[in-house]
>>> print(open('run_21.cif').read())   # mmCIF, C-alpha atoms
data_data
#
loop_
_atom_site.label_atom_id
_atom_site.label_comp_id
_atom_site.auth_asym_id
_atom_site.auth_seq_id
_atom_site.Cartn_x
_atom_site.Cartn_y
_atom_site.Cartn_z
CA MET A 3 -12.90 69.68 172.88
CA SER A 4 -13.24 73.39 171.97
CA GLU A 5 -11.09 74.40 174.90
CA ASP A 6 -8.38 71.87 173.93
CA TYR A 7 -8.43 73.33 170.42
CA VAL A 8 -8.07 76.91 171.65
CA LEU A 9 -5.29 75.87 174.02
CA GLY A 10 -3.50 74.35 171.02
CA LEU A 11 -3.55 70.78 172.33
CA LEU A 12 -5.14 69.11 169.31
CA ASP A 13 -2.85 67.70 166.68
CA GLY A 14 -2.87 65.48 163.60
CA GLU A 15 -6.11 63.76 162.62
CA GLU A 16 -7.92 65.01 165.73
CA LEU A 17 -7.13 68.60 164.78
CA ARG A 18 -8.12 68.10 161.15
CA GLN A 19 -11.48 66.59 162.11
CA PHE A 20 -12.19 69.32 164.64
CA GLU A 21 -11.46 72.08 162.12
CA TYR A 22 -13.71 70.35 159.58
CA ARG A 23 -16.58 70.37 162.09
CA LEU A 24 -15.79 73.91 163.20
CA GLU A 25 -16.29 75.29 159.70
CA ARG A 26 -19.84 73.90 159.65
CA ASP A 27 -21.08 73.91 163.24
CA LYS A 28 -22.32 77.26 164.61
CA ILE A 29 -22.54 76.01 168.20
CA LEU A 30 -18.94 74.84 168.05
CA GLN A 31 -17.94 78.21 166.58
CA ARG A 32 -19.54 79.99 169.53
CA GLU A 33 -17.80 77.70 172.03
CA VAL A 34 -14.46 78.36 170.38
CA ALA A 35 -15.19 82.10 170.30
CA TYR A 36 -15.98 81.98 174.03
CA TRP A 37 -12.63 80.40 174.90
CA ARG A 38 -10.69 82.67 172.57
CA GLU A 39 -12.24 85.71 174.22
CA MET A 40 -11.60 84.36 177.72
CA LEU A 41 -7.92 83.59 177.05
CA LEU A 42 -7.13 86.67 174.92
CA PRO A 43 -5.83 88.61 177.98
CA LEU A 44 -2.93 86.11 178.04
CA ASP A 45 -1.91 87.18 174.52
CA GLU A 46 -2.04 90.78 175.66
CA THR A 47 0.64 90.03 178.25
CA ALA A 48 3.22 89.30 175.53
CA ILE A 49 6.10 91.77 175.44
CA SER A 50 5.87 93.80 172.21
CA MET A 51 8.79 93.43 169.82
CA THR A 52 9.44 95.81 166.94
CA PRO A 53 9.30 93.83 163.67
CA SER A 54 12.15 94.19 161.16
CA SER A 55 11.84 97.31 159.05
CA GLY A 56 11.14 95.34 155.85
CA LEU A 57 8.30 93.21 157.19
CA TRP A 58 5.49 95.47 156.06
CA GLU A 59 6.92 95.64 152.53
CA LYS A 60 6.86 91.82 152.37
CA ILE A 61 3.24 91.76 153.55
CA ASP A 62 2.34 94.57 151.15
CA ALA A 63 3.85 92.62 148.24
CA ALA A 64 2.01 89.43 149.27
CA THR A 65 -1.41 91.09 149.54
CA PRO A 66 -2.39 92.33 146.09
CA VAL A 67 -5.27 94.80 146.08
CA LYS A 68 -8.43 92.96 145.08
CA LYS A 69 -10.46 96.03 144.28
CA GLU A 70 -9.83 99.64 145.07
CA PRO A 71 -12.14 101.01 147.77
CA ARG A 72 -13.57 103.97 145.89
CA SER A 73 -14.87 105.59 149.03
CA ILE A 74 -11.28 105.94 150.24
CA LEU A 75 -9.32 106.84 147.12
CA GLY A 76 -11.98 107.31 144.47
CA TYR A 77 -9.70 106.78 141.49
CA GLY A 78 -10.24 103.16 140.54
CA ILE A 79 -7.85 100.48 139.48
CA ILE A 80 -5.78 102.62 137.07
CA THR A 81 -4.67 104.77 139.97
CA ALA A 82 -3.83 101.67 141.99
CA ILE A 83 -1.63 100.32 139.20
CA ALA A 84 0.04 103.67 138.67
CA ALA A 85 0.61 104.07 142.41
CA SER A 86 2.11 100.60 142.71
CA LEU A 87 4.44 101.28 139.77
CA VAL A 88 5.60 104.50 141.37
CA PHE A 89 6.07 102.62 144.65
CA ALA A 90 8.02 99.82 142.95
CA PHE A 91 10.56 102.29 141.59
CA LEU A 92 10.58 104.45 144.68
CA PRO A 93 14.12 103.62 145.78
CA ALA A 94 15.40 104.96 142.46
CA ILE A 95 13.20 108.00 142.14
CA LYS A 96 12.41 108.85 145.72
CA GLY A 97 11.61 112.44 146.17
CA ILE A 98 12.19 113.32 142.55
CA LEU A 99 8.80 112.54 141.06
CA GLN A 100 6.92 113.12 144.26
CA PRO A 101 6.36 116.74 145.15
CA ARG A 102 7.08 117.86 148.66
CA THR A 103 3.78 118.03 150.50
CA GLY A 104 4.80 119.26 153.93
CA VAL A 105 7.53 120.17 156.34
CA ALA A 106 8.10 119.87 160.08
CA ILE A 107 10.64 121.90 162.02
CA LEU A 108 11.98 119.87 164.93
CA VAL A 109 13.17 121.74 168.00
CA ASP A 110 14.66 120.76 171.34
CA ASP A 111 13.42 121.56 174.85
CA ALA A 112 14.91 125.03 174.57
CA ALA A 113 13.05 125.62 171.26
CA LYS A 114 16.36 125.50 169.37
CA ILE A 115 15.94 124.13 165.85
CA GLY A 116 17.67 120.76 165.47
CA ALA A 117 16.32 119.24 162.27
CA ILE A 118 13.90 119.63 159.41
CA VAL A 119 11.62 116.89 158.16
CA GLU A 120 10.56 117.21 154.53
CA ILE A 121 7.41 115.21 153.76
CA TYR A 122 6.79 113.76 150.31
CA GLY A 123 3.27 112.34 150.20
CA ASN A 124 2.69 109.32 152.37
CA SER A 125 5.62 107.23 151.28
CA TYR A 126 8.80 109.19 151.89
CA VAL A 127 10.29 111.71 154.29
CA LYS A 128 13.72 113.30 154.36
CA VAL A 129 15.34 114.34 157.63
CA ILE A 130 18.01 117.03 157.58
CA ALA A 131 19.91 117.64 160.81
CA LEU A 132 20.79 121.30 161.31
CA THR A 133 22.99 120.80 164.29
CA GLU A 134 25.59 118.28 165.33
CA ILE A 135 23.84 115.56 167.32
CA ASP A 136 25.97 113.83 169.91
CA VAL A 137 25.23 110.08 169.80
CA PRO A 138 26.99 107.86 172.38
CA ALA A 139 28.44 104.60 170.96
CA ASP A 140 25.77 102.47 172.64
CA LYS A 141 22.86 104.54 171.33
CA SER A 142 20.99 105.08 168.07
CA LEU A 143 18.89 107.93 166.75
CA GLN A 144 15.37 106.88 165.80
CA VAL A 145 12.80 108.89 163.86
CA TRP A 146 9.12 108.59 164.75
CA THR A 147 5.81 110.03 163.78
CA LEU A 148 2.47 110.16 165.55
CA GLN A 149 -0.65 110.89 163.56
CA THR A 150 -3.38 109.81 165.96
CA ARG A 151 -3.28 108.37 169.45
CA GLU A 152 -5.42 105.43 168.28
CA VAL A 153 -2.75 104.28 165.83
CA GLY A 154 0.07 105.28 168.18
CA PRO A 155 3.67 106.18 167.33
CA LEU A 156 5.18 104.65 164.20
CA SER A 157 8.90 104.23 163.71
CA LEU A 158 10.22 105.62 160.42
CA GLY A 159 13.56 103.99 161.07
CA LEU A 160 17.00 104.57 162.52
CA MET A 161 18.98 107.62 161.52
CA GLU A 162 22.31 106.00 160.65
CA ASN A 163 23.92 109.27 159.66
CA ILE A 164 23.79 112.08 162.19
CA LYS A 165 23.46 114.57 159.32
CA GLY A 166 20.07 113.13 158.43
CA GLY A 167 18.57 110.49 156.22
CA ASP A 168 15.89 109.34 153.82
CA PHE A 169 13.02 107.24 155.11
CA LYS A 170 10.56 105.29 153.07
CA THR A 171 7.26 105.27 154.91
CA PRO A 172 4.95 102.74 153.27
CA LEU A 173 3.00 102.34 156.48
CA MET A 174 1.87 105.90 156.65
CA PRO A 175 -1.62 107.11 156.12
CA LYS A 176 -1.54 110.46 154.26
CA PRO A 177 0.17 112.98 156.58
CA ILE A 178 -2.18 115.41 158.24
CA GLU A 179 -1.71 119.00 159.38
CA GLY A 180 0.02 119.07 162.75
CA GLN A 181 1.24 115.46 162.61
CA LEU A 182 4.02 114.98 165.15
CA TYR A 183 7.55 113.97 164.11
CA GLU A 184 10.35 113.38 166.57
CA ILE A 185 13.89 112.08 166.94
CA THR A 186 14.70 110.07 170.06
CA LEU A 187 17.87 108.65 171.54
CA GLU A 188 17.30 104.89 171.82
CA PRO A 189 19.42 101.86 172.74
CA LYS A 190 21.74 100.74 169.91
CA GLY A 191 19.65 99.22 167.14
CA GLY A 192 16.45 101.02 168.08
CA SER A 193 13.73 101.00 170.68
CA PRO A 194 13.00 97.53 172.07
CA GLN A 195 9.31 98.42 171.96
CA SER A 196 6.94 99.67 169.29
CA ARG A 197 7.10 103.16 170.76
CA PRO A 198 9.90 105.51 171.84
CA THR A 199 11.56 104.57 175.10
CA GLY A 200 14.46 107.03 175.10
CA LYS A 201 14.90 110.77 175.45
CA ILE A 202 13.14 112.97 172.90
CA LEU A 203 15.88 115.11 171.36
CA TYR A 204 13.81 117.05 168.82
CA LYS A 205 10.15 117.24 167.95
CA GLY A 206 7.86 119.29 165.80
CA ASN A 207 4.53 119.31 163.99
CA ALA A 208 3.96 119.08 160.26
CA SER A 209 2.78 122.06 158.23
CA LEU A 210 1.30 120.89 154.96
CA LEU A 211 2.05 122.88 151.85
CA MET B 13 -9.29 102.53 178.65
CA ALA B 14 -7.62 102.72 175.24
CA GLN B 15 -9.97 102.67 172.29
CA GLU B 16 -9.89 99.36 170.41
CA VAL B 17 -8.33 99.82 166.96
CA ILE B 18 -9.54 96.53 165.51
CA THR B 19 -13.23 97.04 164.98
CA THR B 20 -15.81 95.16 162.95
CA ASP B 21 -15.86 98.15 160.60
CA LEU B 22 -12.11 97.84 160.05
CA MET B 23 -12.59 94.16 159.17
CA ARG B 24 -15.25 95.14 156.63
CA ARG B 25 -12.83 97.62 155.06
CA ILE B 26 -10.13 94.95 154.80
CA ALA B 27 -12.64 92.54 153.26
CA ALA B 28 -13.47 95.25 150.70
CA GLY B 29 -9.80 95.46 149.71
CA ASP B 30 -8.76 98.55 151.66
CA LYS B 31 -5.01 98.13 152.17
CA ARG B 32 -4.90 101.12 154.48
CA ALA B 33 -7.18 99.31 156.94
CA LEU B 34 -4.75 96.37 156.92
CA GLN B 35 -1.91 98.84 157.58
CA MET B 36 -3.79 100.12 160.61
CA VAL B 37 -4.01 96.60 162.03
CA TYR B 38 -0.29 96.17 161.30
CA ALA B 39 0.62 99.46 162.98
CA SER B 40 -1.47 98.63 166.00
CA GLU B 41 -0.82 94.90 166.49
CA SER B 42 2.31 93.66 164.71
CA ALA B 43 4.67 94.26 167.65
CA LYS B 44 2.37 92.53 170.13
CA MET B 45 1.75 89.68 167.68
CA LEU B 46 5.48 89.19 167.24
CA GLY B 47 5.77 88.90 171.03
CA VAL B 48 2.97 86.30 171.13
CA VAL B 49 4.56 84.25 168.33
CA MET B 50 8.07 84.48 169.81
CA ARG B 51 6.83 82.88 173.02
CA ILE B 52 5.73 79.89 170.94
CA VAL B 53 8.31 79.43 168.16
CA LYS B 54 11.26 81.00 170.05
CA ASN B 55 13.03 82.01 166.86
CA ARG B 56 12.98 85.56 165.53
CA GLU B 57 13.15 84.77 161.81
CA ARG B 58 10.41 82.15 161.96
CA ALA B 59 8.31 84.39 164.20
CA GLU B 60 8.43 87.18 161.60
CA ASP B 61 7.41 84.66 158.92
CA VAL B 62 4.40 83.73 161.04
CA VAL B 63 3.40 87.37 161.53
CA GLN B 64 3.73 87.93 157.77
CA GLU B 65 1.56 84.88 157.05
CA THR B 66 -1.00 86.08 159.61
CA PHE B 67 -1.45 89.38 157.76
CA VAL B 68 -1.74 87.61 154.43
CA ARG B 69 -4.49 85.42 155.95
CA ILE B 70 -6.26 88.42 157.48
CA TRP B 71 -6.25 90.03 154.03
CA ARG B 72 -7.62 86.92 152.33
CA LYS B 73 -10.08 85.81 154.99
CA ALA B 74 -11.47 89.06 156.40
CA SER B 75 -14.65 88.50 154.39
CA MET B 76 -15.20 85.26 156.36
CA TYR B 77 -15.18 87.06 159.69
CA SER B 78 -18.50 87.37 161.51
CA SER B 79 -19.31 88.39 165.07
CA ASP B 80 -20.30 84.74 165.74
CA LEU B 81 -16.56 84.06 165.70
CA GLY B 82 -15.92 86.44 168.63
CA SER B 83 -14.37 89.91 168.62
CA PRO B 84 -12.23 90.78 165.57
CA LYS B 85 -9.20 91.02 167.84
CA SER B 86 -9.64 87.53 169.30
CA TRP B 87 -10.22 86.17 165.77
CA ILE B 88 -6.99 87.73 164.51
CA TYR B 89 -4.94 86.55 167.49
CA ALA B 90 -6.38 83.03 167.20
CA MET B 91 -5.28 82.96 163.56
CA CYS B 92 -1.84 84.16 164.59
CA ARG B 93 -1.54 81.52 167.35
CA ASN B 94 -2.72 78.72 165.05
CA LEU B 95 -0.10 79.66 162.46
CA ALA B 96 2.56 79.79 165.17
CA LEU B 97 1.51 76.33 166.38
CA ASN B 98 1.62 74.99 162.79
CA ASN B 99 5.10 76.41 162.42
CA LEU B 100 6.13 74.76 165.69
CA ARG B 101 4.64 71.40 164.62
CA ASP B 102 6.47 71.59 161.27
CA GLU B 103 9.69 72.29 163.11
CA ARG B 104 9.09 69.29 165.38
CA HIS B 105 8.68 67.05 162.32
CA ILE B 106 11.90 68.33 160.78
CA ALA B 107 13.75 67.81 164.04
CA THR B 108 12.40 64.26 164.38
CA ASP B 109 13.12 63.39 160.76
CA ASP B 110 16.68 64.53 161.15
CA GLY B 111 16.97 62.55 164.34
CA LYS B 112 17.95 65.70 166.20
CA LEU B 113 16.89 66.45 169.72
CA PHE B 114 14.23 69.14 169.76
CA ALA B 115 15.74 71.84 171.88
CA LEU B 116 13.33 73.56 174.25
CA VAL B 117 14.92 76.86 175.08
CA ASP B 118 13.50 78.91 177.90
CA ALA B 119 12.82 82.44 176.69
CA PRO B 120 12.73 85.47 178.99
CA ASP B 121 9.06 86.08 178.08
CA ASN B 122 7.25 82.87 178.98
CA HIS B 123 4.26 81.33 180.76
CA GLU B 124 5.43 82.61 184.14
CA THR B 125 5.81 86.22 183.04
CA ALA B 126 2.44 85.94 181.26
CA PHE B 127 0.77 85.06 184.54
CA GLU B 128 2.59 87.82 186.42
CA ARG B 129 1.75 90.40 183.75
CA LEU B 130 -1.97 89.60 183.74
CA GLY B 131 -3.74 92.58 185.27
CA ASP B 132 -5.02 91.94 188.80
CA ASP B 133 -8.36 93.35 187.69
CA LYS B 134 -8.77 90.61 185.06
CA ALA B 135 -11.29 87.88 185.89
CA LEU B 136 -8.93 85.42 184.22
CA LYS B 137 -6.17 86.24 186.71
CA LYS B 138 -8.46 85.69 189.68
CA CYS B 139 -9.68 82.38 188.26
CA LEU B 140 -6.17 81.17 187.41
CA GLU B 141 -5.06 82.02 190.95
CA ARG B 142 -7.67 79.60 192.27
CA LEU B 143 -6.02 76.67 190.48
CA ASP B 144 -3.26 74.64 192.13
CA GLU B 145 0.19 75.71 190.98
CA MET B 146 1.14 72.68 188.88
CA PRO B 147 -2.14 72.33 186.93
CA ARG B 148 -2.02 76.09 186.27
CA LYS B 149 1.54 75.76 185.05
CA GLY B 150 0.46 72.99 182.66
CA LEU B 151 -2.35 75.08 181.26
CA MET B 152 -0.14 78.15 180.82
CA LEU B 153 2.63 76.11 179.15
CA ALA B 154 0.07 74.91 176.61
CA TYR B 155 -1.52 78.27 175.78
CA VAL B 156 1.39 80.67 176.15
CA GLU B 157 4.25 78.55 174.83
CA GLY B 158 2.41 76.02 172.66
CA TYR B 159 3.68 72.90 174.37
CA SER B 160 1.92 69.57 173.73
CA HIS B 161 0.63 67.30 176.51
CA GLY B 162 3.75 65.14 176.16
CA GLU B 163 6.15 68.07 176.33
CA ILE B 164 4.37 69.47 179.38
CA ALA B 165 4.63 66.06 181.08
CA ASP B 166 8.38 66.02 180.35
CA LYS B 167 8.86 69.58 181.49
CA LEU B 168 6.98 69.09 184.76
CA ASN B 169 8.38 65.58 185.21
CA MET B 170 4.91 64.09 185.63
CA PRO B 171 3.08 61.16 183.96
CA LEU B 172 1.24 62.07 180.76
CA GLY B 173 -2.12 60.88 182.15
CA THR B 174 -1.77 63.13 185.18
CA VAL B 175 -1.03 66.16 183.02
CA LYS B 176 -4.03 65.47 180.80
CA THR B 177 -6.29 65.17 183.86
CA TRP B 178 -4.87 68.38 185.36
CA ILE B 179 -5.50 70.36 182.23
CA ARG B 180 -9.01 68.98 181.73
CA ARG B 181 -9.97 69.75 185.34
CA SER B 182 -8.31 73.19 185.21
CA LEU B 183 -10.34 74.11 182.15
CA LEU B 184 -13.59 72.98 183.79
CA SER B 185 -12.78 74.98 186.89
CA LEU B 186 -11.83 78.00 184.76
CA LYS B 187 -15.09 77.82 182.83
CA GLU B 188 -17.12 77.66 186.02
CA CYS B 189 -15.18 80.53 187.59
CA LEU B 190 -15.35 82.76 184.50
CA SER B 191 -19.08 82.27 184.03
#
>>> encode(input="run_21.cif", output="structure tokens")
Amino acid sequence: MSEDYVLGLLDGEELRQFEYRLERDKILQREVAYWREMLLPLDETAISMTPSSGLWEKIDAATPVKKEPRSILGYGIITAIAASLVFAFLPAIKGILQPRTGVAILVDDAAKIGAIVEIYGNSYVKVIALTEIDVPADKSLQVWTLQTREVGPLSLGLMENIKGGDFKTPLMPKPIEGQLYEITLEPKGGSPQSRPTGKILYKGNASLL
Amino acid sequence: MAQEVITTDLMRRIAAGDKRALQMVYASESAKMLGVVMRIVKNRERAEDVVQETFVRIWRKASMYSSDLGSPKSWIYAMCRNLALNNLRDERHIATDDGKLFALVDAPDNHETAFERLGDDKALKKCLERLDEMPRKGLMLAYVEGYSHGEIADKLNMPLGTVKTWIRRSLLSLKECLS
């Protein structure tokens, strides 16, 4: 019955009884684990879809911090509360209370400067275009960053205004020296995947202040 | 081969309340998860709700994870699939209660593309290829798109008993082949 469960073919009372046994029966757990592992490659065939830009914020709001991992931040719960208060009011105070912590100069293939990215901690960046960027009607400009290859590229959002824009970046780990930022030309509405698919117009690495 | 982001250590960090570790799972897996859920619920808004609920569960239940339950990645994806299936079952109830016909819409990413996209080097692909076409189709419709026995029988225009036998035999054959 484990394989039927992993396939998703149990329902109603049968499903409820199986899950009750599964919580208590180690052998059953191992059988289920076996089938999950065997069939996982099928999940990996799914075509990636970029979630809506606000999805992480919803998850963040629904997952209150239980206890602050001191080894990571080392400040305790007071810092967590203070940080969450700052974050809650971020739309109103963005960039004002947070000091600028870094900057990246983005250049094109010919090393001509196209934009500047100002980095404010790990929750906000400001992009200022220094040149007129030609965007066809069926395309959008998208801003990305890449900190490590393990995590992969992260979208900061679409640049609605060709003169630049402000981007909240709640997903970001603390920016590191040399972190890559880039602007790509994507299909209207943004890349259909969780990574850039269009031409890289400008790119540059962060210098922390 | 790409290094696996979701490690046992990352699960421990999430269990200890490290939000950044949860963010790493989100950055690495949310797009793929959304694809997996879309194949089942076939509705963008509901699929995003399922992905959101999956991350809330990961946050709450990470402390219950142990290696007995398989790799962290398979544990997380199983949670995601189960929530997608629950969402689908709820939707079926609503549709039945309202007396509406449950519309099965074929999405561009489905059981057929899943089979095609399986790497030729995967043991699973080789073992699935050994199955007859219709039983394989039944099995893939169940796992990839979350169809029930009855829905698969309708879709393949076959008696329910035949479909159940196909799937049971396919799973036995798969188990033998994979071991």
>>> resolve_selection(input="run_21.cif", expression="the PyMOL selection byres ((chain A) within 8 of (chain B))", output="compact mmCIF listing (two decimals) with C-alpha atoms, keeping the file's coordinate frame")
# COMPACT_ATOMS: atom_id res chain seq x y z
CA GLU A 5 -11.09 74.40 174.90
CA VAL A 8 -8.07 76.91 171.65
CA LEU A 9 -5.29 75.87 174.02
CA GLY A 10 -3.50 74.35 171.02
CA LEU A 11 -3.55 70.78 172.33
CA LYS A 28 -22.32 77.26 164.61
CA GLN A 31 -17.94 78.21 166.58
CA ARG A 32 -19.54 79.99 169.53
CA VAL A 34 -14.46 78.36 170.38
CA ALA A 35 -15.19 82.10 170.30
CA TYR A 36 -15.98 81.98 174.03
CA ARG A 38 -10.69 82.67 172.57
CA GLU A 39 -12.24 85.71 174.22
CA MET A 40 -11.60 84.36 177.72
CA LEU A 41 -7.92 83.59 177.05
CA LEU A 42 -7.13 86.67 174.92
CA PRO A 43 -5.83 88.61 177.98
CA LEU A 44 -2.93 86.11 178.04
CA ASP A 45 -1.91 87.18 174.52
CA GLU A 46 -2.04 90.78 175.66
CA THR A 47 0.64 90.03 178.25
CA ALA A 48 3.22 89.30 175.53
CA ILE A 49 6.10 91.77 175.44
CA SER A 50 5.87 93.80 172.21
CA MET A 51 8.79 93.43 169.82
CA THR A 52 9.44 95.81 166.94
CA PRO A 53 9.30 93.83 163.67
CA SER A 54 12.15 94.19 161.16
CA LEU A 57 8.30 93.21 157.19
CA TRP A 58 5.49 95.47 156.06
CA LYS A 60 6.86 91.82 152.37
CA ILE A 61 3.24 91.76 153.55
CA ALA A 64 2.01 89.43 149.27
CA THR A 65 -1.41 91.09 149.54
CA VAL A 67 -5.27 94.80 146.08
CA LYS A 68 -8.43 92.96 145.08
CA LYS A 69 -10.46 96.03 144.28
CA GLU A 70 -9.83 99.64 145.07
CA PRO A 71 -12.14 101.01 147.77
CA ILE A 74 -11.28 105.94 150.24
CA GLU A 152 -5.42 105.43 168.28
CA VAL A 153 -2.75 104.28 165.83
CA GLY A 154 0.07 105.28 168.18
CA LEU A 156 5.18 104.65 164.20
CA LEU A 173 3.00 102.34 156.48
CA PRO A 175 -1.62 107.11 156.12
CA GLN A 195 9.31 98.42 171.96
CA SER A 196 6.94 99.67 169.29
>>> atom_distance(input="run_21.cif", atom1="CA of Asp144 (chain B)", atom2="CA of Glu33 (chain A)")
25.0 Å
>>> atom_distance(input="run_21.cif", atom1="CA of Lys54 (chain B)", atom2="CA of Ile88 (chain B)")
20.2 Å
>>> atom_distance(input="run_21.cif", atom1="CA of Trp37 (chain A)", atom2="CA of Cys189 (chain B)")
12.9 Å
>>> residues_around(input="run_21.cif", residues="Ser55 (chain A)", least_positions_apart="6", cutoff="10 Å", atoms="all atoms listed in the file", output="VMD selection string")
chain A and resid 157 to 160
>>> closest_residue(input="run_21.cif", among="B:Arg58, B:Val53, B:Ser78, B:Cys139", to="Thr19 (chain B)", atoms="only C-alpha atoms")
B:Ser78
>>> closest_atom_pairs(input="run_21.cif", of="region 157-197 of chain A", to="region 119-128 of chain A", cutoff="12 Å", atoms="only C-alpha atoms", output="CSV")
residue,atom,partner,partner_atom,distance
A:Leu158,CA,A:Val127,CA,8.6
A:Gly159,CA,A:Val127,CA,10.8
A:Met161,CA,A:Lys128,CA,10.5
A:Lys165,CA,A:Lys128,CA,11.0
A:Gly166,CA,A:Lys128,CA,7.5
A:Gly167,CA,A:Lys128,CA,5.9
A:Asp168,CA,A:Lys128,CA,4.5
A:Phe169,CA,A:Val127,CA,5.3
A:Lys170,CA,A:Tyr126,CA,4.4
A:Thr171,CA,A:Ser125,CA,4.4
A:Pro172,CA,A:Ser125,CA,5.0
A:Leu173,CA,A:Ser125,CA,7.6
A:Met174,CA,A:Asn124,CA,5.5
A:Pro175,CA,A:Asn124,CA,6.1
A:Lys176,CA,A:Asn124,CA,4.8
A:Pro177,CA,A:Asn124,CA,6.1
A:Ile178,CA,A:Asn124,CA,9.8
A:Glu179,CA,A:Ile121,CA,11.4
A:Gln181,CA,A:Ile121,CA,10.8
A:Leu182,CA,A:Val119,CA,10.5
A:Tyr183,CA,A:Val119,CA,7.8
A:Glu184,CA,A:Val119,CA,9.2
A:Ile185,CA,A:Val119,CA,10.3
>>> closest_residue(input="run_21.cif", among="A:Phe20, A:Leu187, A:Glu25, A:Leu143", to="Met76 (chain B)", atoms="all atoms listed in the file")
A:Glu25
>>> residues_around(input="run_21.cif", residues="Leu168 (chain B)", least_positions_apart="5", cutoff="9 Å", atoms="all atoms listed in the file", output="PyMOL selection string")
chain B and resi 146+149-150+163+175
>>> decode(input="run_21.cif", residues="region 80-93 of chain B", atoms="N, CA and C atoms", output="PDB file, in the first residue's frame")
ATOM      1  N   ASP B  80      15.525   8.472   8.251  1.00  0.00           N
ATOM      2  CA  ASP B  80      14.649   7.305   8.021  1.00  0.00           C
ATOM      3  C   ASP B  80      13.561   7.637   7.008  1.00  0.00           C
ATOM      4  N   LEU B  81      13.255   8.924   6.900  1.00  0.00           N
ATOM      5  CA  LEU B  81      12.162   9.354   6.013  1.00  0.00           C
ATOM      6  C   LEU B  81      12.649   9.627   4.589  1.00  0.00           C
ATOM      7  N   GLY B  82      13.912   9.268   4.297  1.00  0.00           N
ATOM      8  CA  GLY B  82      14.456   9.493   2.960  1.00  0.00           C
ATOM      9  C   GLY B  82      15.307  10.760   2.944  1.00  0.00           C
ATOM     10  N   SER B  83      15.714  11.176   1.735  1.00  0.00           N
ATOM     11  CA  SER B  83      16.537  12.387   1.629  1.00  0.00           C
ATOM     12  C   SER B  83      15.664  13.601   1.977  1.00  0.00           C
ATOM     13  N   PRO B  84      16.268  14.689   2.472  1.00  0.00           N
ATOM     14  CA  PRO B  84      15.463  15.882   2.775  1.00  0.00           C
ATOM     15  C   PRO B  84      14.675  16.362   1.563  1.00  0.00           C
ATOM     16  N   LYS B  85      15.295  16.239   0.384  1.00  0.00           N
ATOM     17  CA  LYS B  85      14.619  16.733  -0.820  1.00  0.00           C
ATOM     18  C   LYS B  85      13.360  15.909  -1.108  1.00  0.00           C
ATOM     19  N   SER B  86      13.469  14.579  -1.010  1.00  0.00           N
ATOM     20  CA  SER B  86      12.280  13.756  -1.304  1.00  0.00           C
ATOM     21  C   SER B  86      11.208  13.989  -0.242  1.00  0.00           C
ATOM     22  N   TRP B  87      11.625  14.266   0.987  1.00  0.00           N
ATOM     23  CA  TRP B  87      10.661  14.542   2.077  1.00  0.00           C
ATOM     24  C   TRP B  87       9.887  15.834   1.785  1.00  0.00           C
ATOM     25  N   ILE B  88      10.629  16.845   1.349  1.00  0.00           N
ATOM     26  CA  ILE B  88      10.007  18.145   1.056  1.00  0.00           C
ATOM     27  C   ILE B  88       9.056  18.043  -0.147  1.00  0.00           C
ATOM     28  N   TYR B  89       9.504  17.344  -1.188  1.00  0.00           N
ATOM     29  CA  TYR B  89       8.647  17.222  -2.370  1.00  0.00           C
ATOM     30  C   TYR B  89       7.421  16.356  -2.083  1.00  0.00           C
ATOM     31  N   ALA B  90       7.578  15.354  -1.210  1.00  0.00           N
ATOM     32  CA  ALA B  90       6.414  14.529  -0.850  1.00  0.00           C
ATOM     33  C   ALA B  90       5.380  15.385  -0.124  1.00  0.00           C
ATOM     34  N   MET B  91       5.866  16.260   0.760  1.00  0.00           N
ATOM     35  CA  MET B  91       4.964  17.154   1.489  1.00  0.00           C
ATOM     36  C   MET B  91       4.223  18.063   0.498  1.00  0.00           C
ATOM     37  N   CYS B  92       4.984  18.562  -0.453  1.00  0.00           N
ATOM     38  CA  CYS B  92       4.421  19.460  -1.466  1.00  0.00           C
ATOM     39  C   CYS B  92       3.358  18.721  -2.302  1.00  0.00           C
ATOM     40  N   ARG B  93       3.665  17.495  -2.727  1.00  0.00           N
ATOM     41  CA  ARG B  93       2.710  16.730  -3.531  1.00  0.00           C
ATOM     42  C   ARG B  93       1.460  16.406  -2.727  1.00  0.00           C
TER      43      ARG B  93
END
